[in-house]
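Colleague: Next comes the structure file data19.cif, holding mmCIF, C-alpha atoms.
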```
data_data
#
loop_
_atom_site.label_atom_id
_atom_site.label_comp_id
_atom_site.auth_asym_id
_atom_site.auth_seq_id
_atom_site.Cartn_x
_atom_site.Cartn_y
_atom_site.Cartn_z
CA MET A 1 -14.88 -56.29 -67.74
CA ILE A 2 -15.39 -54.13 -70.80
CA GLY A 3 -12.76 -52.39 -72.90
CA ASP A 4 -11.88 -50.17 -75.81
CA ILE A 5 -8.80 -51.85 -77.24
CA GLY A 6 -7.14 -49.23 -79.40
CA THR A 7 -3.99 -49.43 -81.47
CA THR A 8 -1.74 -48.09 -78.70
CA TRP A 9 -3.87 -47.82 -75.55
CA ALA A 10 -6.59 -49.98 -73.99
CA LYS A 11 -9.27 -48.18 -71.99
CA ILE A 12 -10.92 -50.56 -69.53
CA ILE A 13 -13.75 -50.49 -67.00
CA ASP A 14 -13.53 -53.45 -64.62
CA GLU A 15 -16.41 -55.25 -62.87
CA ASN A 16 -16.10 -52.86 -59.89
CA GLY A 17 -16.62 -49.88 -62.20
CA ASP A 18 -13.00 -48.73 -61.92
CA PHE A 19 -11.28 -47.15 -64.91
CA HIS A 20 -7.88 -48.24 -66.24
CA ILE A 21 -5.63 -47.32 -69.14
CA LEU A 22 -3.02 -49.88 -70.17
CA GLN A 23 -0.79 -50.37 -73.15
CA THR A 24 -2.53 -52.52 -75.73
CA ARG A 25 0.58 -54.59 -76.31
CA GLN A 26 0.33 -55.80 -72.69
CA ILE A 27 -3.31 -56.81 -73.23
CA LEU A 28 -2.39 -58.73 -76.36
CA LYS A 29 0.66 -60.38 -74.80
CA GLU A 30 -1.30 -61.57 -71.76
CA LYS A 31 -4.34 -62.51 -73.88
CA TRP A 32 -6.91 -60.67 -71.75
CA GLN A 33 -10.56 -61.52 -72.33
CA PHE A 34 -13.45 -59.06 -72.15
CA ARG A 35 -17.17 -59.58 -71.73
CA ARG A 36 -17.77 -56.85 -74.29
CA ALA A 37 -15.28 -54.75 -76.21
CA THR A 38 -14.71 -52.35 -79.06
CA GLY A 39 -11.63 -51.08 -80.83
CA HIS A 40 -9.20 -51.94 -83.53
CA LEU A 41 -7.74 -55.00 -81.81
CA ALA A 42 -10.72 -56.18 -79.77
CA LYS A 43 -12.39 -58.75 -82.00
CA SER A 44 -10.38 -61.74 -80.86
CA LEU A 45 -10.44 -60.71 -77.19
CA CYS A 46 -14.13 -60.58 -76.41
CA GLY A 47 -17.41 -62.43 -76.45
CA ASP A 48 -19.41 -59.49 -77.71
CA TYR A 49 -17.84 -57.05 -80.16
CA VAL A 50 -19.32 -53.61 -80.82
CA ASN A 51 -17.95 -51.56 -83.70
CA GLU A 52 -16.18 -48.34 -82.77
CA LEU A 53 -18.58 -45.92 -84.46
CA GLU A 54 -21.53 -47.39 -82.63
CA ALA A 55 -19.63 -47.43 -79.34
CA LEU A 56 -18.67 -43.78 -79.85
CA GLY A 57 -22.25 -42.82 -80.69
CA LEU A 58 -23.76 -44.69 -77.76
CA GLY A 59 -21.13 -43.36 -75.36
CA ALA A 60 -21.60 -39.78 -76.54
CA LEU A 61 -25.36 -40.04 -76.10
CA LYS A 62 -24.74 -41.01 -72.46
CA LYS A 63 -22.32 -38.17 -71.78
CA VAL A 64 -23.92 -35.32 -73.76
CA SER A 65 -27.41 -34.03 -73.08
CA ASP A 66 -27.71 -31.70 -76.12
CA ASN A 67 -30.31 -32.67 -78.72
CA ASP A 68 -28.06 -31.68 -81.62
CA PHE A 69 -24.32 -32.18 -81.32
CA THR A 70 -21.15 -33.47 -82.94
CA VAL A 71 -18.67 -35.82 -81.32
CA ILE A 72 -15.30 -36.69 -82.78
CA ASP A 73 -12.86 -39.33 -81.60
CA ILE A 74 -9.23 -39.01 -82.56
CA GLY A 75 -7.33 -42.22 -82.15
CA SER A 76 -3.73 -43.15 -82.84
CA ARG A 77 -4.44 -44.14 -86.40
CA ASP A 78 -7.96 -43.04 -87.21
CA THR A 79 -10.54 -40.31 -86.75
CA LYS A 80 -14.27 -40.82 -86.58
CA PHE A 81 -17.22 -38.55 -85.98
CA LEU A 82 -20.96 -38.59 -85.64
CA SER A 83 -23.31 -35.66 -85.64
CA PHE A 84 -26.73 -36.01 -84.06
CA LYS A 85 -30.00 -34.23 -84.73
CA ASP A 86 -32.73 -34.80 -82.16
CA ARG A 87 -30.34 -37.41 -80.71
CA LYS A 88 -30.49 -39.49 -83.89
CA VAL A 89 -27.43 -39.89 -86.11
CA ASP A 90 -27.50 -37.37 -88.92
CA LYS A 91 -23.98 -37.61 -90.37
CA LEU A 92 -21.06 -39.91 -89.72
CA ASP A 93 -17.67 -40.72 -91.16
CA TRP A 94 -14.55 -42.66 -90.34
CA ASN A 95 -11.13 -41.96 -91.75
CA GLN A 96 -8.86 -44.96 -91.33
CA SER A 97 -6.56 -44.33 -94.22
CA CYS A 98 -4.73 -41.08 -93.60
CA GLY A 99 -2.47 -39.94 -90.79
CA ALA A 100 -3.10 -36.25 -91.49
CA SER A 101 -5.73 -36.02 -88.78
CA THR A 102 -4.71 -38.64 -86.24
CA GLY A 103 -2.99 -38.57 -82.89
CA PHE A 104 -0.15 -40.96 -83.61
CA THR A 105 1.91 -38.54 -85.70
CA LEU A 106 1.62 -35.85 -83.05
CA GLU A 107 2.56 -38.23 -80.24
CA LEU A 108 5.52 -39.44 -82.27
CA LEU A 109 6.80 -35.91 -82.86
CA MET A 110 6.32 -34.80 -79.25
CA ASN A 111 8.25 -37.83 -78.04
CA TYR A 112 10.97 -37.29 -80.63
CA TYR A 113 11.47 -33.64 -79.67
CA GLU A 114 10.83 -34.32 -75.95
CA ILE A 115 8.40 -31.44 -75.81
CA LYS A 116 5.34 -31.06 -73.57
CA SER A 117 2.02 -29.90 -74.97
CA GLU A 118 2.05 -26.76 -72.77
CA GLU A 119 5.25 -25.69 -74.53
CA ILE A 120 3.80 -25.83 -78.04
CA LYS A 121 3.03 -22.38 -79.45
CA ILE A 122 -0.37 -22.15 -81.12
CA THR A 123 -1.26 -19.15 -83.24
CA SER A 124 -4.55 -18.63 -85.03
CA GLY A 125 -4.33 -18.83 -88.82
CA ASP A 126 -0.67 -19.85 -88.73
CA PHE A 127 -0.57 -23.49 -89.78
CA TYR A 128 0.87 -25.95 -92.24
CA PRO A 129 -1.67 -27.36 -94.68
CA VAL A 130 -1.19 -30.95 -93.52
CA THR A 131 -2.53 -32.77 -96.57
CA CYS A 132 -0.50 -35.79 -95.52
CA ALA A 133 1.22 -36.58 -92.22
CA VAL A 134 4.48 -37.40 -93.97
CA PHE A 135 4.44 -34.10 -95.86
CA GLY A 136 3.60 -32.34 -92.59
CA ILE A 137 6.60 -33.89 -90.85
CA GLU A 138 8.76 -32.86 -93.79
CA LYS A 139 7.60 -29.25 -93.31
CA ILE A 140 8.53 -29.37 -89.63
CA PHE A 141 12.03 -30.65 -90.40
CA ASP A 142 12.41 -28.04 -93.13
CA SER A 143 11.29 -25.20 -90.84
CA ILE A 144 13.64 -26.29 -88.06
CA ILE A 145 16.54 -26.44 -90.52
CA HIS A 146 15.68 -22.81 -91.32
CA ASP A 147 16.00 -21.88 -87.63
CA GLU A 148 12.36 -21.98 -86.62
CA LYS A 149 11.88 -23.04 -83.00
CA VAL A 150 10.61 -26.59 -82.47
CA GLU A 151 7.66 -25.40 -80.36
CA THR A 152 6.57 -22.99 -83.13
CA ALA A 153 6.97 -25.53 -85.95
CA LEU A 154 5.07 -28.15 -83.97
CA GLY A 155 2.38 -25.56 -83.21
CA ARG A 156 1.88 -24.89 -86.90
CA PHE A 157 1.73 -28.62 -87.59
CA LEU A 158 -0.72 -29.15 -84.75
CA MET A 159 -2.89 -26.28 -85.97
CA GLY A 160 -2.91 -27.99 -89.39
CA ILE A 161 -4.08 -31.25 -87.79
CA ALA A 162 -6.79 -29.36 -85.86
CA SER A 163 -7.92 -27.69 -89.08
CA ASN A 164 -8.22 -31.12 -90.76
CA VAL A 165 -10.24 -32.44 -87.82
CA TYR A 166 -12.57 -29.42 -87.95
CA ASP A 167 -13.10 -29.86 -91.70
CA PHE A 168 -13.62 -33.61 -91.36
CA ALA A 169 -16.34 -33.03 -88.74
CA LEU A 170 -18.10 -30.67 -91.22
CA LYS A 171 -17.22 -27.48 -89.31
CA PRO A 172 -19.71 -27.61 -86.47
CA LYS A 173 -20.23 -24.69 -84.05
CA LYS A 174 -19.28 -26.94 -81.17
CA ILE A 175 -17.34 -30.20 -80.98
CA TYR A 176 -17.28 -32.77 -78.22
CA LEU A 177 -13.85 -34.36 -78.33
CA SER A 178 -13.13 -37.97 -77.42
CA GLY A 179 -9.82 -39.79 -77.20
CA GLY A 180 -6.26 -39.28 -76.04
CA LEU A 181 -5.98 -35.77 -77.46
CA CYS A 182 -8.40 -34.60 -74.77
CA ASP A 183 -5.31 -34.62 -72.54
CA ASN A 184 -3.27 -32.59 -75.00
CA GLU A 185 -3.57 -28.99 -73.86
CA ALA A 186 -2.04 -27.58 -77.06
CA PHE A 187 -4.48 -29.48 -79.25
CA LEU A 188 -7.42 -28.18 -77.23
CA ARG A 189 -6.08 -24.64 -77.60
CA ALA A 190 -5.78 -25.15 -81.37
CA MET A 191 -9.28 -26.61 -81.68
CA ASN A 192 -10.80 -23.82 -79.62
CA LEU A 193 -9.38 -21.29 -82.06
CA LEU A 194 -11.53 -22.97 -84.71
CA THR A 195 -14.67 -23.88 -82.78
CA GLU A 196 -15.84 -24.40 -79.21
CA THR A 197 -14.30 -27.72 -78.21
CA LEU A 198 -15.28 -29.63 -75.09
CA PRO A 199 -13.26 -32.69 -74.04
CA LEU A 200 -15.17 -35.80 -73.00
CA GLY A 201 -12.12 -37.83 -72.07
CA ARG A 202 -10.76 -41.16 -73.13
CA PHE A 203 -13.55 -43.46 -71.97
CA VAL A 204 -16.40 -42.41 -74.27
CA LEU A 205 -16.30 -45.57 -76.39
CA VAL A 206 -16.06 -47.90 -73.43
CA GLU A 207 -18.95 -46.02 -71.73
CA GLY A 208 -20.93 -46.84 -74.88
CA LEU A 209 -20.49 -50.53 -74.13
CA LYS A 210 -22.22 -50.36 -70.74
CA MET B 1 -19.30 -74.48 -127.09
CA LYS B 2 -17.74 -71.16 -126.20
CA LYS B 3 -19.59 -68.51 -124.19
CA ILE B 4 -20.62 -64.95 -124.79
CA GLY B 5 -18.87 -62.61 -122.38
CA PHE B 6 -20.84 -59.52 -121.49
CA TYR B 7 -20.85 -56.63 -119.11
CA GLY B 8 -23.48 -54.17 -118.03
CA TYR B 9 -26.93 -54.88 -119.40
CA PRO B 10 -26.72 -55.37 -123.18
CA PRO B 11 -29.89 -54.90 -125.25
CA ASP B 12 -32.39 -57.74 -124.80
CA GLU B 13 -32.55 -58.40 -128.55
CA LEU B 14 -28.79 -58.98 -128.71
CA ILE B 15 -28.91 -61.36 -125.78
CA LEU B 16 -31.81 -63.21 -127.40
CA TYR B 17 -29.94 -63.40 -130.72
CA TYR B 18 -27.04 -65.28 -129.13
CA LYS B 19 -29.31 -67.34 -126.91
CA LYS B 20 -31.11 -68.66 -129.99
CA GLN B 21 -27.77 -69.83 -131.33
CA GLY B 22 -27.31 -71.90 -128.19
CA PHE B 23 -24.70 -69.76 -126.45
CA SER B 24 -24.55 -69.41 -122.70
CA PHE B 25 -23.19 -66.27 -121.05
CA ILE B 26 -20.54 -65.18 -118.61
CA ASP B 27 -20.97 -61.89 -116.72
CA LEU B 28 -17.54 -60.27 -116.82
CA ASP B 29 -18.51 -57.64 -114.21
CA LEU B 30 -18.24 -60.17 -111.40
CA ASP B 31 -15.21 -60.95 -109.27
CA TYR B 32 -14.13 -64.53 -110.07
CA GLY B 33 -10.68 -64.02 -108.59
CA ALA B 34 -8.93 -63.48 -111.93
CA PRO B 35 -5.38 -62.19 -111.38
CA ASP B 36 -4.62 -58.50 -111.85
CA GLY B 37 -2.70 -58.36 -115.09
CA GLY B 38 -1.28 -54.89 -114.46
CA ILE B 39 -2.78 -53.60 -117.73
CA LEU B 40 -4.97 -50.91 -116.18
CA PRO B 41 -4.04 -48.04 -113.87
CA LYS B 42 -4.28 -48.88 -110.17
CA THR B 43 -6.91 -46.16 -109.79
CA THR B 44 -9.40 -48.10 -111.92
CA CYS B 45 -12.78 -49.15 -110.57
CA ALA B 46 -12.73 -52.81 -109.45
CA ILE B 47 -15.61 -53.66 -111.80
CA ILE B 48 -13.70 -52.44 -114.87
CA LYS B 49 -10.67 -54.39 -113.67
CA ASN B 50 -12.91 -57.47 -113.36
CA ILE B 51 -14.12 -57.01 -116.94
CA VAL B 52 -10.65 -56.82 -118.48
CA TYR B 53 -8.93 -59.41 -116.28
CA ASN B 54 -11.85 -61.88 -116.47
CA ALA B 55 -11.72 -61.61 -120.26
CA VAL B 56 -7.99 -62.36 -120.22
CA PHE B 57 -8.45 -65.23 -117.74
CA TYR B 58 -11.34 -66.83 -119.66
CA GLU B 59 -10.05 -65.92 -123.11
CA LYS B 60 -10.19 -69.50 -124.44
CA ASP B 61 -13.82 -69.88 -123.33
CA ILE B 62 -15.10 -66.66 -124.85
CA GLU B 63 -16.52 -66.42 -128.37
CA LEU B 64 -17.07 -62.68 -128.25
CA ILE B 65 -17.78 -59.90 -125.79
CA LEU B 66 -20.99 -57.89 -125.68
CA ALA B 67 -19.63 -54.62 -124.36
CA THR B 68 -22.05 -51.98 -123.14
CA THR B 69 -20.47 -48.68 -124.03
CA GLY B 70 -23.27 -46.15 -123.83
CA GLU B 71 -25.03 -44.16 -121.15
CA ASP B 72 -26.28 -47.46 -119.78
CA LYS B 73 -22.74 -48.24 -118.52
CA CYS B 74 -19.96 -45.65 -118.16
CA ASP B 75 -17.07 -44.11 -120.06
CA ASN B 76 -14.74 -46.69 -118.62
CA GLY B 77 -16.97 -49.40 -120.07
CA ARG B 78 -16.31 -47.88 -123.48
CA PHE B 79 -12.59 -47.63 -122.82
CA ALA B 80 -12.51 -51.24 -121.58
CA ALA B 81 -14.19 -52.29 -124.83
CA TYR B 82 -11.55 -50.43 -126.82
CA THR B 83 -8.78 -52.01 -124.73
CA LEU B 84 -10.18 -55.52 -125.18
CA ARG B 85 -10.50 -55.02 -128.92
CA GLN B 86 -6.89 -53.84 -129.04
CA MET B 87 -5.94 -57.03 -127.24
CA GLY B 88 -7.51 -59.10 -130.00
CA PHE B 89 -10.93 -59.93 -128.56
CA ASN B 90 -13.98 -59.92 -130.79
CA VAL B 91 -15.88 -57.07 -129.15
CA VAL B 92 -19.40 -55.98 -130.03
CA PHE B 93 -19.95 -52.38 -128.92
CA CYS B 94 -23.57 -51.94 -127.90
CA ALA B 95 -25.83 -49.69 -125.84
CA ASN B 96 -29.09 -50.48 -124.11
CA THR B 97 -31.11 -47.34 -124.70
CA ASN B 98 -34.52 -48.83 -123.91
CA LEU B 99 -36.68 -46.40 -121.95
CA VAL B 100 -39.83 -48.48 -121.67
CA GLN B 101 -40.03 -49.38 -118.03
CA ARG B 102 -41.02 -52.69 -116.51
CA PRO B 103 -42.21 -53.01 -112.91
CA THR B 104 -39.56 -53.55 -110.22
CA PRO B 105 -41.02 -56.26 -107.94
CA ILE B 106 -37.67 -57.70 -106.83
CA CYS B 107 -36.29 -54.30 -105.75
CA ASP B 108 -39.39 -53.75 -103.62
CA SER B 109 -39.58 -57.28 -102.21
CA ASN B 110 -38.70 -58.77 -98.83
CA LEU B 111 -36.05 -61.06 -100.29
CA PRO B 112 -32.58 -60.72 -98.74
CA LEU B 113 -30.66 -57.87 -100.38
CA VAL B 114 -27.97 -60.25 -101.68
CA THR B 115 -30.66 -62.39 -103.34
CA LYS B 116 -32.39 -59.35 -104.83
CA ILE B 117 -29.29 -58.01 -106.53
CA ASP B 118 -27.98 -61.42 -107.54
CA LEU B 119 -31.35 -62.31 -109.09
CA ILE B 120 -31.67 -59.04 -110.99
CA MET B 121 -28.22 -59.43 -112.48
CA LYS B 122 -28.66 -63.12 -113.33
CA ARG B 123 -31.98 -62.44 -114.99
CA ILE B 124 -30.27 -60.22 -117.57
CA VAL B 125 -29.33 -63.40 -119.43
CA GLU B 126 -31.17 -66.25 -117.66
CA ASP B 127 -34.74 -66.99 -116.71
CA THR B 128 -33.72 -67.60 -113.12
CA PRO B 129 -36.83 -68.42 -111.06
CA VAL B 130 -37.73 -65.93 -108.35
CA PRO B 131 -38.44 -67.48 -104.93
CA PRO B 132 -41.70 -66.57 -103.19
CA TYR B 133 -41.68 -63.07 -101.79
CA GLN B 134 -43.89 -60.30 -100.46
CA ARG B 135 -43.93 -56.66 -101.45
CA VAL B 136 -42.52 -54.33 -98.79
CA GLU B 137 -44.83 -51.34 -98.48
CA LYS B 138 -42.67 -49.36 -96.08
CA PRO B 139 -38.96 -50.22 -96.43
CA THR B 140 -36.84 -49.36 -93.41
CA VAL B 141 -33.74 -48.62 -95.47
CA GLY B 142 -32.64 -48.15 -99.06
CA PHE B 143 -29.59 -49.36 -100.96
CA TRP B 144 -28.67 -47.19 -103.93
CA GLY B 145 -26.04 -48.11 -106.46
CA VAL B 146 -24.53 -50.83 -108.59
CA PRO B 147 -23.84 -54.45 -107.58
CA PRO B 148 -20.78 -54.16 -105.31
CA ASN B 149 -17.60 -56.04 -106.06
CA ASP B 150 -17.85 -57.38 -102.51
CA PHE B 151 -21.37 -58.72 -101.94
CA SER B 152 -20.68 -59.22 -98.22
CA ILE B 153 -21.68 -55.63 -97.45
CA LEU B 154 -25.19 -56.46 -98.63
CA GLU B 155 -25.55 -58.91 -95.75
CA LEU B 156 -25.52 -55.96 -93.34
CA PHE B 157 -28.91 -54.79 -94.61
CA PRO B 158 -32.33 -56.07 -93.47
CA ASP B 159 -34.60 -57.92 -95.87
CA ASP B 160 -36.99 -54.99 -96.13
CA THR B 161 -34.32 -52.90 -97.86
CA ALA B 162 -35.51 -51.20 -101.04
CA VAL B 163 -33.12 -51.17 -104.00
CA TYR B 164 -32.51 -47.99 -105.97
CA GLY B 165 -29.98 -46.70 -108.47
CA TRP B 166 -28.58 -48.57 -111.46
CA VAL B 167 -29.71 -51.97 -110.11
CA ARG B 168 -33.31 -50.75 -110.05
CA ALA B 169 -32.87 -49.34 -113.54
CA VAL B 170 -31.72 -52.80 -114.68
CA GLU B 171 -34.77 -54.53 -113.22
CA ALA B 172 -36.91 -51.89 -114.90
CA GLY B 173 -35.15 -52.69 -118.19
CA VAL B 174 -33.90 -49.09 -118.55
CA PRO B 175 -30.21 -49.11 -117.57
CA SER B 176 -29.56 -45.81 -119.35
CA SER B 177 -32.38 -43.92 -117.61
CA LEU B 178 -30.89 -41.20 -115.42
CA GLU B 179 -34.37 -40.52 -114.09
CA MET B 180 -34.69 -44.09 -112.85
CA GLU B 181 -31.11 -44.20 -111.61
CA THR B 182 -31.58 -41.09 -109.48
CA PHE B 183 -34.96 -42.11 -108.07
CA VAL B 184 -35.13 -42.78 -104.33
CA ASN B 185 -37.92 -42.60 -101.79
CA PRO B 186 -37.07 -39.46 -99.77
CA ASP B 187 -38.73 -40.94 -96.68
CA VAL B 188 -36.39 -43.94 -96.61
CA LYS B 189 -32.91 -43.60 -95.10
CA THR B 190 -30.60 -44.72 -97.85
CA VAL B 191 -27.01 -45.85 -98.24
CA PHE B 192 -25.52 -44.56 -101.50
CA PHE B 193 -22.87 -46.98 -102.66
CA VAL B 194 -20.27 -46.73 -105.41
CA GLN B 195 -17.10 -48.51 -106.30
CA SER B 196 -14.04 -46.35 -105.64
CA PHE B 197 -12.86 -44.50 -108.76
CA CYS B 198 -16.28 -44.86 -110.43
CA SER B 199 -17.77 -41.76 -112.03
CA LYS B 200 -21.09 -42.63 -110.39
CA GLY B 201 -19.44 -41.27 -107.24
CA ILE B 202 -20.72 -37.85 -108.33
CA LEU B 203 -24.31 -39.09 -108.24
CA ALA B 204 -23.79 -40.88 -104.93
CA LYS B 205 -22.42 -37.79 -103.21
CA VAL B 206 -24.99 -35.40 -104.66
CA LEU B 207 -27.90 -37.72 -103.87
CA ALA B 208 -26.60 -38.53 -100.38
CA GLU B 209 -26.50 -34.82 -99.59
CA LYS B 210 -29.90 -34.19 -101.16
CA TYR B 211 -31.59 -36.99 -99.22
CA ASN B 212 -29.33 -36.87 -96.16
CA GLY B 213 -28.16 -40.43 -96.71
CA LEU B 214 -24.83 -42.15 -96.20
CA SER B 215 -22.39 -42.05 -99.11
CA ILE B 216 -19.83 -44.86 -99.15
CA ASP B 217 -17.32 -46.19 -101.62
CA LEU B 218 -15.18 -49.25 -101.51
CA GLU B 219 -12.46 -50.46 -103.77
CA LYS B 220 -12.13 -54.24 -103.68
CA THR B 221 -13.39 -55.63 -100.40
CA ALA B 222 -15.20 -54.08 -97.46
CA THR B 223 -12.97 -52.51 -94.81
CA ASN B 224 -13.79 -52.43 -91.12
CA SER B 225 -14.63 -48.74 -91.32
CA ILE B 226 -17.05 -49.25 -94.25
CA ILE B 227 -18.84 -52.04 -92.38
CA SER B 228 -18.98 -49.96 -89.20
CA LYS B 229 -20.31 -46.89 -91.00
CA ILE B 230 -23.15 -48.91 -92.50
CA GLN B 231 -23.94 -50.60 -89.17
CA ALA B 232 -23.92 -47.32 -87.27
CA PHE B 233 -26.08 -45.63 -89.91
CA LEU B 234 -28.61 -48.46 -89.83
CA ARG B 235 -28.75 -48.78 -86.04
CA LEU B 236 -28.36 -45.23 -84.78
CA ARG B 237 -30.34 -43.25 -87.37
#
```
Can the structure from this file be put into structure tokens for me?

Modeller:
Amino acid sequence: MIGDIGTTWAKIIDENGDFHILQTRQILKEKWQFRRATGHLAKSLCGDYVNELEALGLGALKKVSDNDFTVIDIGSRDTKFLSFKDRKVDKLDWNQSCGASTGFTLELLMNYYEIKSEEIKITSGDFYPVTCAVFGIEKIFDSIIHDEKVETALGRFLMGIASNVYDFALKPKKIYLSGGLCDNEAFLRAMNLLTETLPLGRFVLVEGLK
Amino acid sequence: MKKIGFYGYPPDELILYYKKQGFSFIDLDLDYGAPDGGILPKTTCAIIKNIVYNAVFYEKDIELILATTGEDKCDNGRFAAYTLRQMGFNVVFCANTNLVQRPTPICDSNLPLVTKIDLIMKRIVEDTPVPPYQRVEKPTVGFWGVPPNDFSILELFPDDTAVYGWVRAVEAGVPSSLEMETFVNPDVKTVFFVQSFCSKGILAKVLAEKYNGLSIDLEKTATNSIISKIQAFLRLR
């Protein structure tokens, strides 16, 4: 069994090749053990640990056939990207320190406002400059106090997050997206206003462990 | 007998002068675990913090401080010297402006990277013997920068890593030489390292872009993301 044990979700491929997504807190509570693993909380749960950037890179190379491409993974609490030239790493970076381009803040807000991603209104060029997730949340609250609709305020926030992600990945012409935000339809709409964005799903890192 | 505290690479003649008087030396740049005294802003490079807080911690053992305050160190080295003098230390302001280069055999050797950098720094004030080594003709990777506060990141590099930047300039005896500090082999993939909040960050970023290397900075100790970035750069490039 191999797994990508993230902050909130664990992505697992079992010995039969079946895919599973479980809450990480369950994995930790039941002390699961993996043959090989990656992710924020994986080190104590596996025999063979692979760091997340390498797992992302190796997984992306399996799933993408382009010679030159950029892949970005947006986790709950971090964002990391690699760009390849001739299928060798050219640039890479990992932001672990700032919530202004991560999925957790967005998930938190969507749960708080009980809003689905399809309901979020995305408009090109209309976004909050989310220099910090906390400041971004403050702007949402402020806008809603001034009678802006939740779906519009969240859309502007989300567009700000997408803009940060695009900048962080060095503004490529095309982005392959990895992670939970692949399932967020509004985020994909926002990203596609900035650059062509193709979702690879949530199992890229764990595919890199195979 | 008390010791001479120093930081950076003071002029050889000054070091020799105090050596002849029988003094030994303590390198204040290094992290000995001295407590943070809260004197400096939080956004101060860890090396400068080491200098000031080591001096405070070892105050009773220090006769005077040889403070490098010129182009061979950095502005903050000068400001640290001023601060230490204000605190009552006997501080000798000095600058190593030598531009006559020596060879750099350790930087180009197959010794482990930790050993290379440790040796080069120790040999500023001691005749530390160099273990047997071979010259690496074609290094697989380069490390550019200053000695990190956290030496553990150096263990991520293979033994055939070439050393560039200020460390190379020190082995060459020319710590103020910008030409030597900015030299890298363009055919060698290189990690450009600086301490967070260090003005050398400008050089690291500019050189990393010029030579398509990896620019990293760390504050006190290596984070998981720093380690992973280095590993991914070394293995996937």

Colleague: Just say which residues the PyMOL selection byres ((chain A) within 10 of (chain B)) picks in this file, as a list of chain:residue names.

Modeller: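 Going through the file, the PyMOL selection byres ((chain A) within 10 of (chain B)) ends up selecting A:His40, A:Val50, A:Asn51, A:Glu52, A:Leu53, A:Glu54, A:Ala55, A:Leu56, A:Gly57, A:Leu58, A:Asp78, A:Lys80, A:Leu82, A:Phe84, A:Lys85, A:Arg87, A:Lys88, A:Val89, A:Asp90, A:Lys91, A:Leu92, A:Asp93, A:Trp94, A:Asn95, A:Gln96, A:Ser97.
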
Colleague: Applying the PyMOL selection byres ((chain A and resi 185) around 12) to the file I just gave you, which residues come out? Please list them as an MDAnalysis selection string.

Modeller: chainID A and resid 116:122 155 158 180:184 186:192 197:199

Colleague: Using only C-alpha atoms, which residues sit within 12 Å of Pro129 (chain B) once same-chain residues fewer than 4 positions away are excluded, as a list in words?

Modeller: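 Counting only C-alpha atoms, the residues come to Ile106, Thr115, Lys116, Asp118, Leu119, Ile120, Lys122, Arg123 and Tyr133 of chain B.
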
Colleague: For the provided coordinates, the residues matched by the PyMOL selection byres ((chain A and resi 36) around 7) should be stated as a list of chain:residue names.

Modeller: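 Given this file, the PyMOL selection byres ((chain A and resi 36) around 7) evaluates to A:Ile2, A:Gly3, A:Phe34, A:Arg35, A:Ala37, A:Cys46, A:Gly47, A:Asp48, A:Tyr49, A:Leu209.
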
Colleague: Hey, can you check how far CA of Thr190 (chain B) sits from CA of Val71 (chain A)?

Modeller: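 Result for CA of Thr190 (chain B) versus CA of Val71 (chain A): 22.2 Å, one decimal.
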
Colleague: Give me the residues near Phe192 (chain B) as a CSV table (one decimal) with C-alpha atoms, in the frame of the given file, where near means some atom within 10 Å (using only C-alpha atoms) and where sequence neighbours in that chain fewer than 6 positions away do not count.

Modeller:
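Written output follows (result_11.csv):
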```
chain,number,residue,atom,x,y,z
B,142,GLY,CA,-32.6,-48.2,-99.1
B,143,PHE,CA,-29.6,-49.4,-101.0
B,144,TRP,CA,-28.7,-47.2,-103.9
B,145,GLY,CA,-26.0,-48.1,-106.5
B,146,VAL,CA,-24.5,-50.8,-108.6
B,164,TYR,CA,-32.5,-48.0,-106.0
B,165,GLY,CA,-30.0,-46.7,-108.5
B,201,GLY,CA,-19.4,-41.3,-107.2
B,203,LEU,CA,-24.3,-39.1,-108.2
B,204,ALA,CA,-23.8,-40.9,-104.9
B,205,LYS,CA,-22.4,-37.8,-103.2
B,206,VAL,CA,-25.0,-35.4,-104.7
B,207,LEU,CA,-27.9,-37.7,-103.9
B,208,ALA,CA,-26.6,-38.5,-100.4
B,209,GLU,CA,-26.5,-34.8,-99.6
B,211,TYR,CA,-31.6,-37.0,-99.2
B,213,GLY,CA,-28.2,-40.4,-96.7
B,214,LEU,CA,-24.8,-42.2,-96.2
B,215,SER,CA,-22.4,-42.0,-99.1
B,216,ILE,CA,-19.8,-44.9,-99.2
B,217,ASP,CA,-17.3,-46.2,-101.6
```

Colleague: If I take CA of Ala46 (chain B) and CA of Gln195 (chain B), how far is one from the other in Å, to one decimal?

Modeller: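 Straight-line distance from CA of Ala46 (chain B) to CA of Gln195 (chain B) works out to 6.9 Å.
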
Colleague: Record the distance separating CA of Thr69 (chain B) and CA of Leu30 (chain B), expressed in Å with one decimal.

Modeller: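 Those two atoms sit 17.2 Å apart.
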
Colleague: May I have the protein, DNA and RNA residues with an atom at most 12 Å from (-9.9, -47.3, -63.5), counting only C-alpha atoms in the file's coordinates, returned as a tab-separated table (two decimals) with C-alpha atoms, in the coordinates of the input?

Modeller:
```
chain	number	residue	atom	x	y	z
A	1	MET	CA	-14.88	-56.29	-67.74
A	2	ILE	CA	-15.39	-54.13	-70.80
A	3	GLY	CA	-12.76	-52.39	-72.90
A	10	ALA	CA	-6.59	-49.98	-73.99
A	11	LYS	CA	-9.27	-48.18	-71.99
A	12	ILE	CA	-10.92	-50.56	-69.53
A	13	ILE	CA	-13.75	-50.49	-67.00
A	14	ASP	CA	-13.53	-53.45	-64.62
A	15	GLU	CA	-16.41	-55.25	-62.87
A	16	ASN	CA	-16.10	-52.86	-59.89
A	17	GLY	CA	-16.62	-49.88	-62.20
A	18	ASP	CA	-13.00	-48.73	-61.92
A	19	PHE	CA	-11.28	-47.15	-64.91
A	20	HIS	CA	-7.88	-48.24	-66.24
A	21	ILE	CA	-5.63	-47.32	-69.14
A	22	LEU	CA	-3.02	-49.88	-70.17
A	202	ARG	CA	-10.76	-41.16	-73.13
A	203	PHE	CA	-13.55	-43.46	-71.97
A	206	VAL	CA	-16.06	-47.90	-73.43
```
